[in-house]
Each structure stands twice: as structure tokens, then as C-alpha cells.
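Asks: My file is upload.cif. It has mmCIF, C-alpha atoms:
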data_coords
#
loop_
_atom_site.group_PDB
_atom_site.id
_atom_site.type_symbol
_atom_site.label_atom_id
_atom_site.label_comp_id
_atom_site.auth_asym_id
_atom_site.auth_seq_id
_atom_site.Cartn_x
_atom_site.Cartn_y
_atom_site.Cartn_z
ATOM 1 C CA MET H 1 86.663 -22.919 -44.776
ATOM 2 C CA PRO H 2 85.011 -19.636 -43.757
ATOM 3 C CA THR H 3 82.125 -18.484 -45.949
ATOM 4 C CA GLN H 4 83.033 -15.533 -48.154
ATOM 5 C CA PHE H 5 80.490 -12.660 -48.374
ATOM 6 C CA THR H 6 80.416 -10.127 -51.156
ATOM 7 C CA ARG H 7 79.216 -6.544 -50.679
ATOM 8 C CA ARG H 8 76.037 -7.515 -52.560
ATOM 9 C CA ASP H 9 75.448 -10.417 -50.112
ATOM 10 C CA ILE H 10 75.816 -8.068 -47.160
ATOM 11 C CA ILE H 11 73.345 -5.540 -48.608
ATOM 12 C CA LYS H 12 70.882 -8.345 -49.383
ATOM 13 C CA THR H 13 71.198 -9.721 -45.827
ATOM 14 C CA ALA H 14 70.675 -6.277 -44.354
ATOM 15 C CA ALA H 15 67.551 -5.803 -46.452
ATOM 16 C CA VAL H 16 66.140 -9.129 -45.293
ATOM 17 C CA SER H 17 66.932 -8.204 -41.686
ATOM 18 C CA TRP H 18 65.176 -4.865 -42.093
ATOM 19 C CA VAL H 19 62.042 -6.524 -43.509
ATOM 20 C CA THR H 20 62.070 -9.109 -40.710
ATOM 21 C CA GLY H 21 62.538 -6.387 -38.098
ATOM 22 C CA ALA H 22 59.723 -4.365 -39.613
ATOM 23 C CA ALA H 23 57.475 -7.398 -39.454
ATOM 24 C CA ILE H 24 58.365 -7.950 -35.806
ATOM 25 C CA GLY H 25 57.782 -4.259 -35.097
ATOM 26 C CA SER H 26 54.439 -4.466 -36.834
ATOM 27 C CA SER H 27 53.547 -7.488 -34.717
ATOM 28 C CA THR H 28 54.566 -5.601 -31.596
ATOM 29 C CA LEU H 29 52.350 -2.685 -32.567
ATOM 30 C CA THR H 30 49.497 -5.089 -33.175
ATOM 31 C CA GLU H 31 50.044 -6.618 -29.749
ATOM 32 C CA ALA H 32 50.109 -3.142 -28.170
ATOM 33 C CA ALA H 33 46.692 -2.494 -29.701
ATOM 34 C CA GLU H 34 45.283 -5.586 -28.048
ATOM 35 C CA PRO H 35 42.959 -5.057 -25.052
ATOM 36 C CA ARG H 36 44.857 -4.103 -21.908
ATOM 37 C CA VAL H 37 42.464 -6.118 -19.746
ATOM 38 C CA GLU H 38 40.286 -9.125 -20.429
ATOM 39 C CA PRO H 39 37.095 -7.982 -22.214
ATOM 40 C CA ASP H 40 34.974 -9.836 -19.662
ATOM 41 C CA TYR H 41 37.070 -8.879 -16.605
ATOM 42 C CA LYS H 42 35.065 -8.482 -13.423
ATOM 43 C CA ILE H 43 36.324 -7.384 -10.007
ATOM 44 C CA ARG H 44 37.428 -10.515 -8.135
ATOM 45 C CA HIS H 45 38.541 -9.448 -4.679
ATOM 46 C CA GLY H 46 36.251 -6.541 -3.871
ATOM 47 C CA LYS H 47 38.220 -5.435 -0.816
ATOM 48 C CA ILE H 48 38.187 -1.923 -2.252
ATOM 49 C CA ARG H 49 34.591 -0.771 -2.680
ATOM 50 C CA GLN H 50 34.882 0.870 -6.074
ATOM 51 C CA SER H 51 32.679 3.616 -7.428
ATOM 52 C CA VAL H 52 32.831 5.874 -10.487
ATOM 53 C CA MET H 53 32.429 9.609 -11.058
ATOM 54 C CA GLY H 54 29.794 10.036 -13.730
ATOM 55 C CA TRP H 55 30.880 13.362 -15.238
ATOM 56 C CA CYS H 56 34.176 11.848 -16.399
ATOM 57 C CA PHE H 57 32.342 9.607 -18.850
ATOM 58 C CA ASN H 58 30.095 12.246 -20.438
ATOM 59 C CA PRO H 59 28.302 12.113 -22.809
ATOM 60 C CA MET H 60 27.610 8.487 -21.832
ATOM 61 C CA PRO H 61 24.167 8.402 -20.169
ATOM 62 C CA ALA H 62 24.253 7.786 -16.422
ATOM 63 C CA VAL H 63 22.187 4.620 -16.528
ATOM 64 C CA GLU H 64 24.312 3.144 -19.317
ATOM 65 C CA LEU H 65 27.445 3.862 -17.281
ATOM 66 C CA ALA H 66 25.813 2.264 -14.247
ATOM 67 C CA GLN H 67 25.099 -0.867 -16.256
ATOM 68 C CA HIS H 68 28.763 -1.106 -17.222
ATOM 69 C CA CYS H 69 29.724 -0.594 -13.576
ATOM 70 C CA ARG H 70 27.479 -3.463 -12.536
ATOM 71 C CA ASP H 71 28.976 -5.721 -15.216
ATOM 72 C CA ILE H 72 32.540 -4.864 -14.150
ATOM 73 C CA GLY H 73 31.768 -5.231 -10.453
ATOM 74 C CA LEU H 74 31.854 -1.627 -9.270
ATOM 75 C CA VAL H 75 29.332 -1.191 -6.484
ATOM 76 C CA ALA H 76 28.491 2.511 -6.607
ATOM 77 C CA ILE H 77 28.288 5.681 -8.680
ATOM 78 C CA GLU H 78 28.411 9.435 -8.015
ATOM 79 C CA GLY H 79 28.568 12.709 -9.910
ATOM 80 C CA ILE H 80 25.296 12.113 -11.758
ATOM 81 C CA GLY H 81 21.985 13.972 -11.639
ATOM 82 C CA ALA H 82 19.699 13.048 -8.755
ATOM 83 C CA GLU H 83 16.988 12.242 -11.279
ATOM 84 C CA HIS H 84 19.027 9.134 -12.180
ATOM 85 C CA TYR H 85 19.364 7.865 -8.611
ATOM 86 C CA PRO H 86 16.253 5.629 -8.651
ATOM 87 C CA ALA H 87 17.291 3.907 -11.889
ATOM 88 C CA VAL H 88 20.885 3.221 -10.859
ATOM 89 C CA ARG H 89 19.816 2.033 -7.414
ATOM 90 C CA LYS H 90 17.372 -0.326 -9.099
ATOM 91 C CA LEU H 91 20.393 -1.805 -10.894
ATOM 92 C CA GLY H 92 21.845 -2.592 -7.467
ATOM 93 C CA LEU H 93 24.383 0.252 -7.263
ATOM 94 C CA LYS H 94 24.740 2.587 -4.308
ATOM 95 C CA ILE H 95 25.156 6.349 -4.424
ATOM 96 C CA SER H 96 28.615 6.942 -2.968
ATOM 97 C CA LEU H 97 28.634 10.746 -2.770
ATOM 98 C CA VAL H 98 26.029 13.506 -3.138
ATOM 99 C CA SER H 99 26.949 16.835 -4.753
ATOM 100 C CA SER H 100 26.226 20.219 -3.174
ATOM 101 C CA HIS H 101 27.281 23.814 -3.861
ATOM 102 C CA GLY H 102 30.224 23.257 -6.217
ATOM 103 C CA PHE H 103 33.832 24.423 -5.920
ATOM 104 C CA ALA H 104 33.526 27.908 -7.428
ATOM 105 C CA LYS H 105 30.953 29.477 -5.091
ATOM 106 C CA GLY H 106 32.114 28.322 -1.679
ATOM 107 C CA PRO H 107 32.157 29.546 1.922
ATOM 108 C CA PHE H 108 35.469 31.414 1.522
ATOM 109 C CA ASN H 109 33.237 34.445 0.910
ATOM 110 C CA ARG H 110 30.580 35.117 3.558
ATOM 111 C CA ASP H 111 28.264 36.415 0.862
ATOM 112 C CA HIS H 112 27.949 32.796 -0.296
ATOM 113 C CA HIS H 113 27.043 31.348 3.095
ATOM 114 C CA GLU H 114 23.275 31.407 2.687
ATOM 115 C CA PHE H 115 23.598 29.659 -0.669
ATOM 116 C CA CYS H 116 26.089 27.068 0.634
ATOM 117 C CA VAL H 117 24.121 26.278 3.789
ATOM 118 C CA SER H 118 20.925 25.823 1.810
ATOM 119 C CA LYS H 119 22.616 23.559 -0.739
ATOM 120 C CA LEU H 120 24.378 21.498 1.915
ATOM 121 C CA LYS H 121 21.197 20.911 3.912
ATOM 122 C CA SER H 122 19.200 19.893 0.847
ATOM 123 C CA SER H 123 22.050 17.583 -0.186
ATOM 124 C CA ILE H 124 22.066 16.035 3.285
ATOM 125 C CA ASP H 125 18.334 15.322 2.901
ATOM 126 C CA LEU H 126 18.986 13.777 -0.524
ATOM 127 C CA ALA H 127 21.775 11.646 0.925
ATOM 128 C CA VAL H 128 19.485 10.353 3.678
ATOM 129 C CA GLU H 129 16.795 9.548 1.130
ATOM 130 C CA ASN H 130 19.264 7.533 -0.940
ATOM 131 C CA GLU H 131 21.152 5.848 1.919
ATOM 132 C CA CYS H 132 24.378 7.671 1.102
ATOM 133 C CA GLU H 133 26.744 8.638 3.924
ATOM 134 C CA ASN H 134 28.651 11.483 2.277
ATOM 135 C CA VAL H 135 27.935 14.980 0.945
ATOM 136 C CA ILE H 136 30.756 16.873 -0.729
ATOM 137 C CA THR H 137 31.789 20.421 0.175
ATOM 138 C CA PHE H 138 34.522 22.798 -0.984
ATOM 139 C CA THR H 139 36.263 25.924 0.278
ATOM 140 C CA GLY H 140 35.566 27.909 -2.865
ATOM 141 C CA MET H 141 37.954 30.198 -4.716
ATOM 142 C CA ARG H 142 40.132 32.939 -3.300
ATOM 143 C CA GLU H 143 38.714 36.428 -3.868
ATOM 144 C CA LYS H 144 40.319 39.856 -3.814
ATOM 145 C CA GLY H 145 39.838 41.707 -0.580
ATOM 146 C CA ILE H 146 39.522 38.565 1.549
ATOM 147 C CA SER H 147 42.663 37.424 3.356
ATOM 148 C CA ASP H 148 43.466 33.764 3.839
ATOM 149 C CA GLU H 149 42.942 34.174 7.584
ATOM 150 C CA GLN H 150 39.492 35.672 7.081
ATOM 151 C CA GLY H 151 38.669 33.087 4.412
ATOM 152 C CA SER H 152 39.564 30.307 6.836
ATOM 153 C CA ARG H 153 37.251 31.732 9.486
ATOM 154 C CA ASN H 154 34.518 32.141 6.906
ATOM 155 C CA CYS H 155 34.764 28.495 5.832
ATOM 156 C CA VAL H 156 34.692 27.143 9.369
ATOM 157 C CA ASP H 157 31.806 29.429 10.361
ATOM 158 C CA CYS H 158 29.768 28.269 7.361
ATOM 159 C CA TRP H 159 30.305 24.575 8.048
ATOM 160 C CA LYS H 160 29.441 25.079 11.702
ATOM 161 C CA GLN H 161 26.026 26.320 10.576
ATOM 162 C CA VAL H 162 25.404 22.949 8.932
ATOM 163 C CA ILE H 163 27.300 20.404 10.991
ATOM 164 C CA ALA H 164 24.658 19.924 13.710
ATOM 165 C CA TYR H 165 22.167 19.025 10.982
ATOM 166 C CA ALA H 166 24.683 16.606 9.451
ATOM 167 C CA GLU H 167 25.239 15.001 12.865
ATOM 168 C CA GLU H 168 21.494 14.648 13.401
ATOM 169 C CA LYS H 169 21.076 12.958 10.020
ATOM 170 C CA LYS H 170 24.264 10.887 10.397
ATOM 171 C CA ILE H 171 25.790 12.283 7.207
ATOM 172 C CA ASN H 172 29.431 13.282 6.644
ATOM 173 C CA LEU H 173 30.408 16.605 5.105
ATOM 174 C CA CYS H 174 33.454 15.750 2.985
ATOM 175 C CA LEU H 175 35.790 18.630 2.203
ATOM 176 C CA GLU H 176 37.635 18.042 -1.050
ATOM 177 C CA HIS H 177 41.173 19.283 -1.534
ATOM 178 C CA LEU H 178 41.842 20.350 -5.161
ATOM 179 C CA ASN H 179 45.048 21.204 -6.993
ATOM 180 C CA SER H 180 45.619 24.791 -8.138
ATOM 181 C CA ARG H 181 48.623 24.033 -10.370
ATOM 182 C CA ASP H 182 47.095 22.587 -13.524
ATOM 183 C CA GLY H 183 45.358 25.250 -15.596
ATOM 184 C CA SER H 184 45.283 23.220 -18.805
ATOM 185 C CA HIS H 185 41.672 22.058 -18.448
ATOM 186 C CA PRO H 186 38.755 23.251 -16.280
ATOM 187 C CA MET H 187 38.555 19.885 -14.510
ATOM 188 C CA LYS H 188 42.220 18.892 -14.324
ATOM 189 C CA GLY H 189 43.083 21.693 -11.923
ATOM 190 C CA HIS H 190 41.552 24.762 -10.318
ATOM 191 C CA PRO H 191 43.871 27.789 -10.192
ATOM 192 C CA GLY H 192 42.739 30.081 -7.380
ATOM 193 C CA TYR H 193 41.102 27.365 -5.288
ATOM 194 C CA PHE H 194 41.566 28.140 -1.590
ATOM 195 C CA GLY H 195 41.776 24.590 -0.216
ATOM 196 C CA ASP H 196 44.715 23.498 -2.370
ATOM 197 C CA ASP H 197 46.855 22.191 0.496
ATOM 198 C CA VAL H 198 45.627 18.946 2.006
ATOM 199 C CA ASP H 199 47.348 19.580 5.339
ATOM 200 C CA PHE H 200 45.598 22.934 5.584
ATOM 201 C CA CYS H 201 42.256 21.321 4.695
ATOM 202 C CA VAL H 202 42.685 18.922 7.601
ATOM 203 C CA ASP H 203 43.337 21.903 9.883
ATOM 204 C CA LEU H 204 40.031 23.448 8.754
ATOM 205 C CA ILE H 205 38.247 20.154 9.359
ATOM 206 C CA ARG H 206 39.614 19.920 12.886
ATOM 207 C CA LYS H 207 38.509 23.483 13.638
ATOM 208 C CA VAL H 208 34.921 22.483 12.887
ATOM 209 C CA ASP H 209 35.415 19.877 15.618
ATOM 210 C CA SER H 210 32.827 17.303 14.630
ATOM 211 C CA PRO H 211 33.011 13.575 13.865
ATOM 212 C CA ARG H 212 30.879 14.346 10.817
ATOM 213 C CA MET H 213 33.314 16.819 9.251
ATOM 214 C CA LYS H 214 35.603 14.738 7.033
ATOM 215 C CA LEU H 215 38.160 14.829 4.227
ATOM 216 C CA LEU H 216 37.680 13.717 0.641
ATOM 217 C CA PHE H 217 41.201 12.515 -0.161
ATOM 218 C CA ASP H 218 41.681 12.907 -3.907
ATOM 219 C CA ILE H 219 44.840 10.944 -4.669
ATOM 220 C CA TYR H 220 45.431 12.789 -7.951
ATOM 221 C CA HIS H 221 45.155 16.268 -6.414
ATOM 222 C CA VAL H 222 47.247 15.320 -3.375
ATOM 223 C CA GLN H 223 49.993 13.936 -5.612
ATOM 224 C CA ILE H 224 50.165 17.200 -7.551
ATOM 225 C CA MET H 225 50.106 19.590 -4.594
ATOM 226 C CA ASN H 226 51.692 17.657 -1.735
ATOM 227 C CA GLY H 227 52.948 14.232 -2.782
ATOM 228 C CA ASP H 228 53.892 11.635 -0.165
ATOM 229 C CA VAL H 229 50.455 10.108 -0.731
ATOM 230 C CA ILE H 230 50.748 6.928 1.317
ATOM 231 C CA ARG H 231 52.264 8.654 4.332
ATOM 232 C CA ARG H 232 49.520 11.288 4.229
ATOM 233 C CA LEU H 233 46.617 8.883 3.912
ATOM 234 C CA ARG H 234 47.983 6.998 6.900
ATOM 235 C CA GLN H 235 48.433 10.269 8.795
ATOM 236 C CA TYR H 236 44.869 11.413 8.105
ATOM 237 C CA LYS H 237 43.085 8.076 8.201
ATOM 238 C CA ASP H 238 40.798 9.200 11.037
ATOM 239 C CA VAL H 239 39.319 12.078 9.015
ATOM 240 C CA ILE H 240 39.159 10.479 5.557
ATOM 241 C CA ALA H 241 35.653 9.479 4.477
ATOM 242 C CA HIS H 242 36.066 9.171 0.710
ATOM 243 C CA TYR H 243 38.734 8.720 -1.982
ATOM 244 C CA HIS H 244 39.050 9.719 -5.641
ATOM 245 C CA THR H 245 41.533 8.382 -8.198
ATOM 246 C CA ALA H 246 43.099 9.547 -11.469
ATOM 247 C CA GLY H 247 46.427 9.135 -13.191
ATOM 248 C CA ASN H 248 48.958 11.945 -12.965
ATOM 249 C CA PRO H 249 49.912 13.815 -15.055
ATOM 250 C CA GLY H 250 46.813 14.528 -17.111
ATOM 251 C CA ARG H 251 44.020 13.102 -14.939
ATOM 252 C CA CYS H 252 43.937 10.166 -17.336
ATOM 253 C CA GLU H 253 43.819 6.388 -16.992
ATOM 254 C CA LEU H 254 45.562 4.487 -14.202
ATOM 255 C CA ASP H 255 48.046 3.046 -16.705
ATOM 256 C CA GLU H 256 51.792 2.835 -17.275
ATOM 257 C CA LYS H 257 51.984 6.421 -18.575
ATOM 258 C CA GLN H 258 51.333 7.985 -15.180
ATOM 259 C CA GLU H 259 53.369 8.155 -11.981
ATOM 260 C CA ILE H 260 51.148 6.927 -9.127
ATOM 261 C CA ASN H 261 51.580 3.329 -7.981
ATOM 262 C CA TYR H 262 47.885 2.640 -7.490
ATOM 263 C CA PRO H 263 48.101 -0.985 -6.280
ATOM 264 C CA ALA H 264 50.447 0.140 -3.491
ATOM 265 C CA VAL H 265 48.143 3.046 -2.622
ATOM 266 C CA MET H 266 45.115 0.732 -2.502
ATOM 267 C CA ARG H 267 46.911 -1.703 -0.222
ATOM 268 C CA ALA H 268 47.880 1.167 2.075
ATOM 269 C CA ILE H 269 44.251 2.314 2.180
ATOM 270 C CA LEU H 270 43.141 -1.160 3.223
ATOM 271 C CA GLU H 271 45.839 -1.293 5.894
ATOM 272 C CA THR H 272 44.307 1.797 7.537
ATOM 273 C CA GLY H 273 41.049 -0.102 8.038
ATOM 274 C CA TYR H 274 39.152 2.104 5.601
ATOM 275 C CA GLN H 275 35.785 0.656 4.554
ATOM 276 C CA GLY H 276 34.316 3.467 2.457
ATOM 277 C CA PHE H 277 34.276 4.000 -1.299
ATOM 278 C CA VAL H 278 37.103 4.683 -3.746
ATOM 279 C CA ALA H 279 35.689 6.434 -6.811
ATOM 280 C CA GLN H 280 37.377 6.323 -10.210
ATOM 281 C CA GLU H 281 37.562 9.968 -11.325
ATOM 282 C CA PHE H 282 39.894 9.870 -14.305
ATOM 283 C CA ILE H 283 39.058 11.369 -17.700
ATOM 284 C CA PRO H 284 39.280 8.532 -20.261
ATOM 285 C CA THR H 285 41.526 9.037 -23.280
ATOM 286 C CA TRP H 286 41.434 5.480 -24.631
ATOM 287 C CA PRO H 287 39.120 4.911 -27.609
ATOM 288 C CA ASP H 288 37.071 2.469 -25.533
ATOM 289 C CA LYS H 289 36.006 4.245 -22.322
ATOM 290 C CA VAL H 290 34.538 1.070 -20.862
ATOM 291 C CA GLU H 291 37.851 -0.740 -21.362
ATOM 292 C CA ALA H 292 39.545 2.150 -19.538
ATOM 293 C CA LEU H 293 37.140 1.778 -16.612
ATOM 294 C CA ARG H 294 37.568 -1.994 -16.561
ATOM 295 C CA HIS H 295 41.350 -1.548 -16.519
ATOM 296 C CA ALA H 296 41.164 0.925 -13.608
ATOM 297 C CA ALA H 297 38.919 -1.446 -11.712
ATOM 298 C CA LYS H 298 41.463 -4.231 -12.148
ATOM 299 C CA VAL H 299 44.386 -2.029 -11.080
ATOM 300 C CA CYS H 300 42.592 -1.135 -7.841
ATOM 301 C CA ASP H 301 41.278 -4.644 -7.132
ATOM 302 C CA VAL H 302 44.077 -5.613 -4.748
#
Now, as a test, write the supplied structure out as C-alpha cells.
Replies:
Amino acid sequence: MPTQFTRRDIIKTAAVSWVTGAAIGSSTLTEAAEPRVEPDYKIRHGKIRQSVMGWCFNPMPAVELAQHCRDIGLVAIEGIGAEHYPAVRKLGLKISLVSSHGFAKGPFNRDHHEFCVSKLKSSIDLAVENECENVITFTGMREKGISDEQGSRNCVDCWKQVIAYAEEKKINLCLEHLNSRDGSHPMKGHPGYFGDDVDFCVDLIRKVDSPRMKLLFDIYHVQIMNGDVIRRLRQYKDVIAHYHTAGNPGRCELDEKQEINYPAVMRAILETGYQGFVAQEFIPTWPDKVEALRHAAKVCDV
């Protein structure tokens, strides 16, 4: 005989179900708060030579960050003061990229050429001293009264003043493409930046006409401005000397909240025969910045 339920029975059952569901939901939330990567995870494959951009982890001291990198299995660091180079190299890490004149005051304006050339040459010397192959350069920002055509000529002319020195020292000048769309944060995007189209940046590089003039392919910036990341990195494999990562949107972790399929991108990079560094340049938002770095390292360890 079928069981008969009263209205009171139904309400009581619903209440029990709600409590049970709440408990399950609470358990799920607890599980979501669990570490997203093993606390002792260390890079296992190492096919991608991973580095980290130091400024992203400020105010963590450079040497402390380098120690975490060593423990996780990253092999290099960049974006730190040169005064820290000896200490991090003593830890066994390499310097993957040397800074130069910055992105705001670039060769787009001829008035900046003396400054840029001086900075680039001193950075080349620093790179040689620290056994680093790459020095970063930028186009600089657009300025009123200077057309894009003139700005292009200015950039190429400036780099041509330095490139013979770079060739002599066997150092690459790496032009970084930056996005000009995101104005929400001074380091998430750079409205007004001249070299905001990666295809155009490659054209500038080819006009310099040197095996030492290269592209810094920032996956995050390319995704924002151009997209079609894998096709482009394959297309420009011969001029790429360095890579940067970050999740998009937000320049955050390489997690499930962002749109770039980083394992697929890393595999495509390896397929091109690339042997340089891939630097993690995301801005951590997780409470534990080291966990965020460890997670990124795992995602890229294909």
C-alpha cells in the first residue's frame, strides 16, 4: 500500500533536504578553498624554461621570490633591480631579460633617442655581464605632432644606432608589443602606446634588418589586441626571442576564470622549436601569491 504523506511530512522532508543541501554546499565551498595545486609541487617536465617577472610580486623582496622560484623549479627571473642579480644568480637562477629605457619614453620621439641609445647600450653591457641574451625595448607612446609614419622611421633609426653594438655583444634587442585597450590599471594596458599591433611590430623589426632585432611575444597583450595567438606565434617564430604570460581578462592568474588555453599555447611554442624563456607576468590576486605562481608553473609545464 502506498505510503501516505501529510502536508506536515512534506514540509519536514523539505526542511531536511534543505539542511542536507546546505551541508553539501558548505562542503563544496570548503573543497573550493583547498589548494589548487599540491603545496610541494615542483616542475616535472621542464620543456618550457620558465621565468618570472619580479614586479608582479611586489612588495615581495626579489631574493625571496627567487628562492620560491628555485623551490618550484623555475629557472630564471627578470624585472628586478640589477643590484639583486648576484644574489639570485648565486641561488642558481638565470637572468632571463634585462630592462632598459621603459615604455613611456621611447624612440617614437627623436628627442628621446640619445636617452634610449644610452640606456640600451648600458643594458647590453649588463646583459653580457650576467650571461643574459635579451634586452627589452619599446616603441614608446604616441605624441601629438608626430605622425605614425614619422614615428615608425624614428623607432627604426634609433634601433639602428644600437643594433651593431648588440650584434657585436651577441645580445638580442626584444621589442615588446603592448595592448592599448585596457586603461583600468597602469600595468594591465597602456593607452597611447605606439607598438600596440603585433603584426606592425614585426614589420618594424624586419626594417631594422638584423638577426639580433627580435620580438617579445606577450601572450596576454597579443590576445587582447590581435587574438589568434597560436597561429601568430607560429607565423613569427623566427623573430620571437622571449615570451610573457598572464590570464585575460585582468592580467591575473592562469586559472579557469580567464580565456587563454595556456597548455595548448605552450605545446605550440615547443612545436616551433623555441628554446628560450617563458616568463610568468601575471598580477596575483589569490591570497597566497606563491600558490598562484606554483599553479602557473604547473599549467605551463607541458
Asks: Could you check how far atom CA of Cys174 of chain H sits from atom CA of Leu216 of chain H, in Å to one decimal?
Replies: 5.2 Å
Asks: So that I can see what lies close to Pro61 of chain H, please list as a PyMOL selection string the residues with an atom at most 12 Å from it, counting only C-alpha atoms and leaving out residues fewer than 4 positions away in the same chain.
Replies: chain H and resi 54-57+65-68+79-81+84+87-88
Asks: What would the selection look like, as a PDB file with C-alpha atoms, keeping the file's coordinate frame, if the PyMOL selection byres ((chain H and resi 275) around 12) were run on the coordinates I just shared?
Replies:
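Okay, result-v2.pdb is ready:
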ATOM      1  CA  GLY H  46      36.251  -6.541  -3.871  1.00  0.00           C
ATOM      2  CA  LYS H  47      38.220  -5.435  -0.816  1.00  0.00           C
ATOM      3  CA  ILE H  48      38.187  -1.923  -2.252  1.00  0.00           C
ATOM      4  CA  ARG H  49      34.591  -0.771  -2.680  1.00  0.00           C
ATOM      5  CA  GLN H  50      34.882   0.870  -6.074  1.00  0.00           C
ATOM      6  CA  LYS H 237      43.085   8.076   8.201  1.00  0.00           C
ATOM      7  CA  ASP H 238      40.798   9.200  11.037  1.00  0.00           C
ATOM      8  CA  ILE H 240      39.159  10.479   5.557  1.00  0.00           C
ATOM      9  CA  ALA H 241      35.653   9.479   4.477  1.00  0.00           C
ATOM     10  CA  HIS H 242      36.066   9.171   0.710  1.00  0.00           C
ATOM     11  CA  TYR H 243      38.734   8.720  -1.982  1.00  0.00           C
ATOM     12  CA  MET H 266      45.115   0.732  -2.502  1.00  0.00           C
ATOM     13  CA  ILE H 269      44.251   2.314   2.180  1.00  0.00           C
ATOM     14  CA  LEU H 270      43.141  -1.160   3.223  1.00  0.00           C
ATOM     15  CA  GLU H 271      45.839  -1.293   5.894  1.00  0.00           C
ATOM     16  CA  THR H 272      44.307   1.797   7.537  1.00  0.00           C
ATOM     17  CA  GLY H 273      41.049  -0.102   8.038  1.00  0.00           C
ATOM     18  CA  TYR H 274      39.152   2.104   5.601  1.00  0.00           C
ATOM     19  CA  GLY H 276      34.316   3.467   2.457  1.00  0.00           C
ATOM     20  CA  PHE H 277      34.276   4.000  -1.299  1.00  0.00           C
ATOM     21  CA  VAL H 278      37.103   4.683  -3.746  1.00  0.00           C
TER      22      VAL H 278
END
Asks: I need the output of the PyMOL selection byres ((chain H and resi 227) around 12) for this file as JSON, numbers by chain; which residues are they?
Replies: {"H": [179, 197, 198, 199, 218, 219, 220, 221, 222, 223, 224, 225, 226, 228, 229, 230, 231, 232, 233, 248, 259, 260]}
Asks: Would you pick out the contacts of Ala127 of chain H at 8 Å or less, using all atoms listed in the file, so that residues sharing its chain but fewer than 4 positions from it are not included, and give the list as a ChimeraX atom specification?
Replies: /H:97-98,123,131-135,171
Asks: Quick one: apply the PyMOL selection byres ((chain H and resi 100) around 10) to the file and drop the selected residues here as an MDAnalysis selection string.
Replies: chainID H and resid 97:99 101:103 116:124 135:138 173
Asks: Using Å and a single decimal, report how far atom CA of Gly250 of chain H sits from atom CA of Val75 of chain H.
Replies: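 These atoms are spaced 25.8 Å apart.
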Asks: Could you check how far atom CA of His45 of chain H sits from atom CA of Ile95 of chain H, in Å to one decimal?
Replies: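 Going from atom CA of His45 of chain H over to atom CA of Ile95 of chain H, I get 20.7 Å.
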Asks: Smallest atom-to-atom distance to His190 of chain H: which of H:Ile205, H:Ala279, H:Val128, H:Leu178, using only C-alpha atoms?
Replies: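 Looking at the shortest contact to His190 of chain H, the residue is H:Leu178.
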Asks: Counting all atoms listed in the file, what is within 7 Å of Lys94 of chain H, bar same-chain residues fewer than 3 positions away, as an NGL selection string?
Replies: :H and (75-77 or 89)
Asks: Find the residue from H:Asp203, H:Glu253, H:Glu129, H:Asp196 that sits nearest to Cys300 of chain H; use all atoms listed in the file when measuring.
Replies: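 Checking each of H:Asp203, H:Glu253, H:Glu129, H:Asp196 against Cys300 of chain H, counting all atoms listed in the file, the winner is H:Glu253.
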Asks: Which of these, H:Leu254, H:Ala104, H:Ala166, H:Val156, has the shortest distance to Pro186 of chain H once you count all atoms listed in the file?
Replies: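 Nearest to Pro186 of chain H: H:Ala104.
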Asks: For each of H:Glu114, H:Arg206, H:Gly140, H:Cys201, take the minimum atom-to-atom distance to Val162 of chain H, counting all atoms listed in the file, then give the residue where this is smallest.
Replies: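 Using all atoms listed in the file, Val162 of chain H sits closest to H:Glu114.
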